[in-house]
Structure formats: structure tokens, C-alpha cells
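Asks: Here you go, structure_21.txt (compact mmCIF, C-alpha atoms):
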```
# COMPACT_ATOMS: atom_id res chain seq x y z
CA ARG A 1 14.42 -11.13 -9.64
CA PRO A 2 16.69 -11.03 -12.71
CA ASP A 3 16.88 -14.82 -12.93
CA ALA A 4 13.10 -15.30 -13.05
CA ALA A 5 12.06 -16.46 -16.53
CA PRO A 6 9.31 -14.49 -18.29
CA GLY A 7 5.95 -15.89 -17.23
CA SER A 8 7.69 -18.34 -14.90
CA ALA A 9 6.33 -19.87 -11.72
CA ALA A 10 8.47 -17.40 -9.75
CA SER A 11 6.76 -14.45 -11.44
CA ALA A 12 3.34 -16.01 -10.94
CA ALA A 13 4.10 -16.67 -7.28
CA ARG A 14 5.11 -13.06 -6.77
CA THR A 15 1.84 -11.75 -8.24
CA SER A 16 -0.29 -14.29 -6.35
CA GLY A 17 1.55 -13.50 -3.15
CA ARG A 18 0.68 -9.83 -3.43
CA CYS A 19 -2.99 -10.81 -3.74
CA ALA A 20 -2.73 -12.79 -0.52
CA THR A 21 -1.12 -9.83 1.26
CA PHE A 22 -3.95 -7.55 0.21
CA ARG A 23 -6.75 -10.00 1.06
CA THR A 24 -7.05 -8.84 4.65
CA LEU A 25 -7.80 -5.29 3.49
CA LEU A 26 -10.83 -6.45 1.54
CA MET A 27 -12.45 -8.17 4.52
CA TRP A 28 -13.17 -4.99 6.45
CA LYS A 29 -15.70 -2.29 5.63
CA SER A 30 -16.85 0.84 7.41
CA THR A 31 -18.54 -1.13 10.21
CA ALA A 32 -15.13 -2.25 11.44
CA LEU A 33 -13.95 1.32 11.99
CA GLY A 34 -17.10 3.31 12.48
CA GLY A 35 -15.42 5.96 14.60
CA MET A 36 -12.49 6.53 12.25
CA ALA A 37 -14.29 9.09 10.11
CA ALA A 38 -15.02 11.28 13.13
CA ALA A 39 -11.44 10.93 14.33
CA SER A 40 -9.98 12.01 11.00
CA ASP A 41 -12.53 14.82 10.70
CA ALA A 42 -11.19 16.22 13.98
CA ALA A 43 -7.76 16.71 12.42
CA SER A 44 -6.34 20.17 11.79
CA ASP A 45 -8.32 22.39 9.43
CA GLY A 46 -5.17 23.32 7.51
CA ASP A 47 -3.35 21.07 5.04
CA ALA A 48 -0.25 22.07 3.13
CA GLY A 49 -1.11 19.63 0.35
CA VAL A 50 -4.42 21.26 -0.57
CA LYS A 51 -4.28 23.03 -3.93
CA PRO A 52 -6.06 26.36 -4.46
CA LYS A 53 -8.55 24.88 -6.91
CA PRO A 54 -11.89 23.73 -5.47
CA LEU A 55 -11.97 20.24 -4.00
CA SER A 56 -14.89 17.96 -3.41
CA ARG A 57 -15.68 17.18 0.23
CA GLU A 58 -14.50 13.61 -0.32
CA ASP A 59 -11.14 14.69 -1.76
CA ALA A 60 -10.64 17.26 0.99
CA MET A 61 -11.38 14.60 3.61
CA LEU A 62 -8.83 12.33 1.95
CA LEU A 63 -6.12 14.99 2.30
CA ARG A 64 -7.01 15.59 5.92
CA THR A 65 -7.01 11.85 6.66
CA LEU A 66 -3.61 11.47 5.00
CA ARG A 67 -2.19 14.28 7.15
CA TRP A 68 -3.78 12.93 10.33
CA PHE A 69 -2.43 9.44 9.66
CA LYS A 70 1.12 10.72 9.15
CA LEU A 71 1.28 13.29 11.95
CA GLU A 72 -0.95 11.84 14.66
CA PHE A 73 -1.75 8.17 14.19
CA PHE A 74 1.06 6.02 12.79
CA THR A 75 4.79 5.99 13.60
CA TRP A 76 7.86 4.90 11.67
CA CYS A 77 9.98 2.12 13.16
CA ASP A 78 13.49 1.35 11.95
CA LYS A 79 13.99 -0.72 15.10
CA PRO A 80 11.89 -1.05 18.26
CA LYS A 81 12.85 0.24 21.68
CA CYS A 82 13.84 -2.33 24.27
CA LYS A 83 10.69 -3.86 25.74
CA THR A 84 12.25 -3.90 29.23
CA CYS A 85 14.13 -0.62 29.68
CA SER A 86 13.00 1.41 26.62
CA ASN A 87 16.56 1.86 25.39
CA ALA A 88 16.40 2.97 21.73
CA ASP A 89 19.92 1.76 20.86
CA VAL A 90 19.14 -1.94 20.46
CA ARG A 91 21.20 -4.22 18.21
CA HIS A 92 19.72 -6.38 15.46
CA GLU A 93 20.31 -10.05 16.24
CA GLY A 94 18.63 -11.73 13.29
CA MET A 95 15.31 -13.27 12.39
CA ALA A 96 13.05 -15.55 14.41
CA GLU A 97 10.12 -17.81 13.64
CA PRO A 98 6.74 -16.17 14.31
CA THR A 99 4.70 -17.39 17.25
CA PRO A 100 1.23 -18.80 16.48
CA ASP A 101 -0.33 -15.47 17.48
CA GLU A 102 2.08 -13.47 15.32
CA HIS A 103 1.48 -15.82 12.40
CA ALA A 104 -2.29 -15.47 12.86
CA HIS A 105 -1.89 -11.74 12.22
CA GLY A 106 0.09 -12.21 9.03
CA ALA A 107 3.64 -11.95 10.36
CA GLY A 108 5.67 -14.15 8.06
CA ARG A 109 8.92 -12.98 9.63
CA VAL A 110 10.03 -11.51 12.95
CA GLU A 111 13.07 -9.32 13.51
CA THR A 112 14.84 -9.63 16.89
CA TYR A 113 16.88 -6.98 18.71
CA ARG A 114 19.05 -7.32 21.84
CA CYS A 115 19.48 -4.47 24.29
CA PRO A 116 23.17 -3.82 25.22
CA LEU A 117 22.07 -2.39 28.59
CA CYS A 118 19.79 -5.07 30.00
CA SER A 119 20.30 -7.93 27.49
CA ALA A 120 16.56 -8.28 26.88
CA VAL A 121 15.50 -9.43 23.41
CA THR A 122 12.70 -7.47 21.74
CA ARG A 123 10.72 -8.95 18.87
CA PHE A 124 9.45 -6.90 15.92
CA PRO A 125 6.85 -8.95 14.03
CA ARG A 126 6.27 -7.64 10.50
CA TYR A 127 2.49 -7.84 10.56
CA ASN A 128 0.48 -7.85 7.34
CA ASP A 129 -2.89 -7.89 9.11
CA ALA A 130 -4.11 -4.31 8.66
CA VAL A 131 -6.52 -4.55 11.61
CA LYS A 132 -3.68 -5.65 13.91
CA LEU A 133 -1.68 -2.67 12.68
CA LEU A 134 -4.39 -0.35 14.01
CA GLU A 135 -3.32 -1.63 17.44
CA THR A 136 0.46 -1.53 16.97
CA ARG A 137 0.36 1.72 14.93
CA THR A 138 3.98 1.40 13.82
CA GLY A 139 6.13 -0.09 11.11
CA ARG A 140 7.76 0.66 7.80
CA CYS A 141 6.25 1.40 4.41
CA GLY A 142 4.46 -1.96 4.18
CA GLU A 143 2.71 -1.52 7.50
CA TRP A 144 1.91 2.13 6.70
CA ALA A 145 0.32 1.28 3.36
CA ASN A 146 -1.65 -1.67 4.76
CA ALA A 147 -3.14 0.36 7.59
CA PHE A 148 -3.82 3.50 5.54
CA THR A 149 -5.50 1.55 2.74
CA LEU A 150 -7.77 -0.12 5.29
CA ILE A 151 -8.70 3.23 6.81
CA CYS A 152 -9.50 4.66 3.38
CA ARG A 153 -11.77 1.72 2.65
CA SER A 154 -13.43 2.03 6.05
CA LEU A 155 -14.27 5.65 5.19
CA GLY A 156 -16.00 4.53 2.01
CA TYR A 157 -13.25 5.24 -0.52
CA ASP A 158 -12.43 2.81 -3.28
CA ALA A 159 -8.76 2.29 -2.42
CA ARG A 160 -6.14 -0.09 -3.69
CA TRP A 161 -2.73 -1.15 -2.41
CA CYS A 162 0.17 -0.52 -4.81
CA MET A 163 3.39 -2.50 -4.83
CA ASP A 164 6.53 -1.20 -6.50
CA TRP A 165 8.71 -4.22 -7.23
CA THR A 166 11.83 -2.20 -6.37
CA ASP A 167 10.56 -2.26 -2.78
CA HIS A 168 8.03 0.39 -1.82
CA VAL A 169 4.27 0.34 -1.27
CA TRP A 170 1.57 3.01 -1.17
CA THR A 171 -2.15 3.57 -1.74
CA GLU A 172 -4.28 4.73 -4.65
CA VAL A 173 -7.73 6.21 -4.02
CA TRP A 174 -10.43 6.69 -6.64
CA SER A 175 -11.65 10.30 -6.81
CA VAL A 176 -15.31 10.30 -7.83
CA SER A 177 -15.27 14.02 -8.59
CA GLN A 178 -12.07 13.92 -10.68
CA ARG A 179 -12.80 10.53 -12.27
CA ARG A 180 -9.27 9.26 -11.72
CA TRP A 181 -7.03 7.44 -9.28
CA LEU A 182 -5.03 9.56 -6.84
CA HIS A 183 -1.61 8.45 -5.65
CA CYS A 184 -1.44 8.62 -1.82
CA ASP A 185 1.78 7.89 0.07
CA SER A 186 0.98 7.89 3.78
CA CYS A 187 4.67 7.69 4.73
CA GLU A 188 5.28 11.03 3.04
CA ASN A 189 1.88 12.75 3.53
CA VAL A 190 1.83 13.16 -0.25
CA CYS A 191 -1.18 13.03 -2.57
CA ASP A 192 -1.27 13.04 -6.37
CA LYS A 193 2.48 13.20 -6.98
CA PRO A 194 3.09 9.94 -8.86
CA LEU A 195 6.54 10.95 -10.14
CA LEU A 196 7.80 11.40 -6.57
CA TYR A 197 9.78 8.16 -6.66
CA GLU A 198 11.40 8.37 -10.08
CA VAL A 199 11.96 12.12 -10.35
CA GLY A 200 12.18 13.01 -6.66
CA TRP A 201 13.92 9.96 -5.22
CA GLY A 202 15.79 8.85 -8.33
CA LYS A 203 14.34 5.33 -8.29
CA LYS A 204 14.33 3.22 -11.44
CA LEU A 205 10.83 1.79 -11.34
CA SER A 206 10.08 -1.32 -13.35
CA TYR A 207 6.74 -2.77 -12.23
CA VAL A 208 4.02 -1.19 -10.10
CA VAL A 209 0.90 -3.30 -9.55
CA GLY A 210 -2.27 -2.10 -7.83
CA PHE A 211 -4.45 -4.55 -5.87
CA GLY A 212 -8.03 -3.49 -5.24
CA ALA A 213 -11.35 -4.99 -4.26
CA ASP A 214 -12.41 -5.19 -7.90
CA ASP A 215 -9.19 -5.29 -9.88
CA VAL A 216 -5.51 -6.10 -10.14
CA VAL A 217 -3.85 -3.62 -12.49
CA ASP A 218 -0.39 -2.85 -13.82
CA VAL A 219 -0.23 0.89 -13.04
CA THR A 220 3.46 1.42 -13.86
CA ARG A 221 2.74 3.91 -16.66
CA ARG A 222 1.42 6.45 -14.10
CA TYR A 223 4.65 6.38 -12.06
CA VAL A 224 7.38 6.66 -14.70
CA ALA A 225 8.38 9.73 -16.70
CA ASP A 226 9.29 7.75 -19.84
CA TYR A 227 7.26 4.57 -20.13
CA ALA A 228 8.76 3.56 -23.49
CA ARG A 229 12.24 3.65 -21.96
CA CYS A 230 10.99 1.73 -18.94
CA LEU A 231 9.67 -0.98 -21.26
CA ARG A 232 12.98 -1.20 -23.15
CA GLU A 233 15.38 -1.11 -20.24
CA ARG A 234 13.68 -2.37 -17.06
CA ARG A 235 10.76 -4.65 -17.86
CA GLY A 236 12.51 -7.97 -18.32
CA GLU A 237 11.24 -9.95 -15.36
CA CYS A 238 8.17 -11.35 -17.09
CA ASP A 239 6.53 -11.37 -20.50
CA GLU A 240 4.25 -8.36 -21.04
CA ALA A 241 1.48 -10.47 -22.56
CA TRP A 242 1.65 -12.88 -19.63
CA LEU A 243 1.43 -10.01 -17.13
CA ALA A 244 -1.57 -8.47 -18.92
CA GLN A 245 -3.31 -11.85 -19.10
CA THR A 246 -2.60 -12.62 -15.43
CA THR A 247 -3.84 -9.28 -14.09
CA ARG A 248 -6.91 -9.44 -16.34
CA GLY A 249 -7.66 -12.97 -15.09
CA LEU A 250 -7.33 -11.92 -11.45
CA THR A 251 -9.60 -8.93 -12.10
CA ASP A 252 -12.22 -11.14 -13.70
CA ARG A 253 -12.12 -13.47 -10.69
CA LEU A 254 -12.58 -10.58 -8.27
CA ARG A 255 -15.57 -9.24 -10.19
CA ALA A 256 -17.26 -12.56 -10.95
CA GLY A 257 -20.70 -12.97 -9.39
CA ARG A 258 -20.44 -10.12 -6.88
CA LEU A 259 -21.31 -7.01 -8.87
CA ASN A 260 -24.54 -5.86 -10.48
CA PRO A 261 -24.63 -4.73 -14.16
CA ASP A 262 -24.48 -1.01 -13.28
CA GLU A 263 -21.39 -1.55 -11.10
CA LEU A 264 -19.71 -3.57 -13.84
CA ASP A 265 -20.47 -0.85 -16.41
CA GLU A 266 -18.90 1.76 -14.12
CA LEU A 267 -15.77 -0.35 -13.64
CA ARG A 268 -15.48 -0.88 -17.39
CA ARG A 269 -15.67 2.88 -17.94
CA ARG A 270 -12.85 3.28 -15.45
CA ASP A 271 -10.84 0.59 -17.19
CA ALA A 272 -11.31 2.28 -20.55
CA GLY A 273 -10.18 5.62 -19.14
```
Spit out the file's structure as C-alpha cells when you get a sec.
Replies:
Amino acid sequence: RPDAAPGSAASAARTSGRCATFRTLLMWKSTALGGMAAASDAASDGDAGVKPKPLSREDAMLLRTLRWFKLEFFTWCDKPKCKTCSNADVRHEGMAEPTPDEHAHGAGRVETYRCPLCSAVTRFPRYNDAVKLLETRTGRCGEWANAFTLICRSLGYDARWCMDWTDHVWTEVWSVSQRRWLHCDSCENVCDKPLLYEVGWGKKLSYVVGFGADDVVDVTRRYVADYARCLRERRGECDEAWLAQTTRGLTDRLRAGRLNPDELDELRRRDAG
């Protein structure tokens, strides 16, 4: 927010809040979704996003999973259909407090819609629990990114959840064969097109932060065409030194006591690259 002082409590709360949102994704490994790999492997052999150069099996599987998720598994929801008569032309009534069950699955807010035909009120909880989203299989970009990041992690990929502070979220996946992070937007079925938002959509990105199992990283540089201009004109919400110190501190906390020396060396090589 423009009125948040550099390094202020508001800025700190925003960064800490994103960590809390991502925490559910880190609790689930491949055992939670053992059949997901077979399901995604059964997707169509073709993929329009595959480039002619050779791909590793892991990267090819990632492209197929991205396509399967977009075309067969998850659905976009601007507003839900009426729960009683399935009328799609419901009217937004406002927000409601989450029920205990909705709150237990990470819904901090609930949208309500009234049907003009039968007067029934339909609730649309904005779940953050990625496992719950595998049941509902619908939502907007937040729900899409939460669920897709979980699926990537369940398949054994090192994946992180990326938050653009101008209001979009997506996934990054580490490519072992290419030794770099790949941008993956499940809403768009797009892989490795990081300038999609600024060049394609015309967005003015300011901050993009990636939240992973082993790091919290400011990844803005990858998503803007002119980073120097971004620094001059858009990065006024918090002090750069404070942001670097905060993300480094969160990364150190995530890595403390849970990684062996070889794993730490590998992560440091990634950091340096």
C-alpha cells in the first residue's frame, strides 16, 4: 500500500502473511497424492507449449501436468452457480464470516451470492488450504496457484508459490536439467514466459516474492523488462535493505536444522546463480 512506511509493521505483516498462506503447501509430500502422477501422465501426448529442443523427462512431465491441470482438472470461478437451482446469473450480496469448517480450511473470507430465481444464497469460501482445493477444484488465481503448487510438490518437483503484489499469483518450478527456475502459470497453461504480465498484459509489476520449502526470495528481476526502472519508479513500499534482510532471515529459518551439508551446498549454488 502506498501509505506503508519502508520497513514498517504493515510491510512486515504482508510478508509474514504470505508465509502463512504458503505453509499448507509445505505440509504435503508425494504420499498425500500418490495417484496424481499417474493421472497427469495419462494426459494428452501433445502439448502446444513444448519447444522443439530436447526436454528432460521431468520438464516434459511438468508441461503435461500444467496442461492437464488447466484443461481437465481445475475450473475458473468468477461467481458460483446457485446451489439450489444451478442458475449461473447469481448476484453478489457481500461478504460473510466463515463457518468453523470453512475457517479450518483457510477461508479467511466468504463471498455470498443470491439467486434472483429462487432466492437461495450460495456461499463461495476463498479457501487457502491446497488439499481442500483438490476437492473443490475451482477458484481464481489464488486457488489455482495453491492447488497447482501442491500438485507439483507431490510429484517431486521443488516448487514455490509466487505472489505479485499487484494481485496475481503463480508457481515456479526448479528444473534440474536446466539448472534454473521455470515460471508456470496454471491459469494460462504457460511455462517459462516470465514477461507475460508486464509485456503481454501491460502490468506494472513492483514486487514479486517466491515462497518455497527452503527459501523466501524476491524474484521481481525475472518478471520485469527493465529492473532499474522498476527500482526507480515502483519500489517504494519498503526499504530494499529491509526486504533483503527479511527474506534472507526467513530463508535461514526455513533451512535451519533440517538440511544436510550436501543439500545446503546445492541450495547455496542455486542462490549464487
Asks: Leaving out Pro98 of chain A and any residue of its chain fewer than 4 positions from it, which residues lie within 7 Å of it when counting all atoms listed in the file, given as number ranges by chain?
Replies: A: 102-103, 107-110
Asks: One decimal, Å: what's the distance from atom CA of Ala145 of chain A over to atom CA of Trp170 of chain A, could you say?
Replies: 5.0 Å
Asks: Just how far from atom CA of Ala130 of chain A is atom CA of Asp214 of chain A, in Å to one decimal?
Replies: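 Rounded to one decimal, the two atoms are 18.5 Å apart.
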Asks: Between atom CA of Arg153 of chain A and atom CA of Asp262 of chain A, what is the distance in Å, rounded to a tenth?
Replies: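 Spanning atom CA of Arg153 of chain A to atom CA of Asp262 of chain A is a straight-line distance of 20.6 Å.
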Asks: Do a neighbour search on Arg222 of chain A at 12 Å with only C-alpha atoms, toss out local chain neighbours closer than 2 positions, and write the hits as a ChimeraX atom specification.
Replies: /A:162,164,172,180-183,192-198,205-210,217-220,224-227,230
Asks: From the options A:Val173, A:Cys118, A:Ala104, A:Cys85, which residue's atoms come nearest to Glu58 of chain A, counting only C-alpha atoms?
Replies: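 For Glu58 of chain A, the nearest of the given residues is A:Val173.
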Asks: If you count only C-alpha atoms, which residues fall within 10 Å of Ala120 of chain A, apart from same-chain ones fewer than 2 positions away, as a PDB file with C-alpha atoms, in the frame of the given file?
Replies:
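Generated file (around-v9.pdb):
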```pdb
ATOM      1  CA  CYS A  82      13.840  -2.330  24.270  1.00  0.00           C
ATOM      2  CA  LYS A  83      10.690  -3.860  25.740  1.00  0.00           C
ATOM      3  CA  THR A  84      12.250  -3.900  29.230  1.00  0.00           C
ATOM      4  CA  CYS A  85      14.130  -0.620  29.680  1.00  0.00           C
ATOM      5  CA  VAL A  90      19.140  -1.940  20.460  1.00  0.00           C
ATOM      6  CA  TYR A 113      16.880  -6.980  18.710  1.00  0.00           C
ATOM      7  CA  ARG A 114      19.050  -7.320  21.840  1.00  0.00           C
ATOM      8  CA  CYS A 115      19.480  -4.470  24.290  1.00  0.00           C
ATOM      9  CA  PRO A 116      23.170  -3.820  25.220  1.00  0.00           C
ATOM     10  CA  LEU A 117      22.070  -2.390  28.590  1.00  0.00           C
ATOM     11  CA  CYS A 118      19.790  -5.070  30.000  1.00  0.00           C
ATOM     12  CA  THR A 122      12.700  -7.470  21.740  1.00  0.00           C
ATOM     13  CA  ARG A 123      10.720  -8.950  18.870  1.00  0.00           C
TER      14      ARG A 123
END
```
Asks: Find the residues near segment 147-149 of chain A: any atom within 7 Å, counting all atoms listed in the file, skip ones fewer than 5 places away on the same chain, and give them as a compact mmCIF listing (two decimals) with C-alpha atoms, in the coordinates of the input.
Replies:
```txt
# COMPACT_ATOMS: atom_id res chain seq x y z
CA ALA A 130 -4.11 -4.31 8.66
CA LEU A 133 -1.68 -2.67 12.68
CA LEU A 134 -4.39 -0.35 14.01
CA ALA A 159 -8.76 2.29 -2.42
CA ARG A 160 -6.14 -0.09 -3.69
CA TRP A 161 -2.73 -1.15 -2.41
CA THR A 171 -2.15 3.57 -1.74
CA SER A 186 0.98 7.89 3.78
```
Asks: For segment 75-78 of chain A, please output as a PyMOL selection string all residues within 9 Å (counting only C-alpha atoms; exclusion window: fewer than 4 positions along the same chain).
Replies: chain A and resi 69-71+137-141+144+187
Asks: With distances taken over all atoms listed in the file, which of A:Thr247, A:Arg221, A:Asp215, A:Glu93 is nearest to Arg268 of chain A?
Replies: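 Looking at the shortest contact to Arg268 of chain A, the residue is A:Asp215.
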Asks: From the set A:Leu66, A:Ala60, A:Val216, A:Leu150, which residue has the shortest atom-to-atom contact distance to Asn128 of chain A, counting all atoms listed in the file?
Replies: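 Among A:Leu66, A:Ala60, A:Val216, A:Leu150, it is A:Leu150 that comes nearest to Asn128 of chain A.
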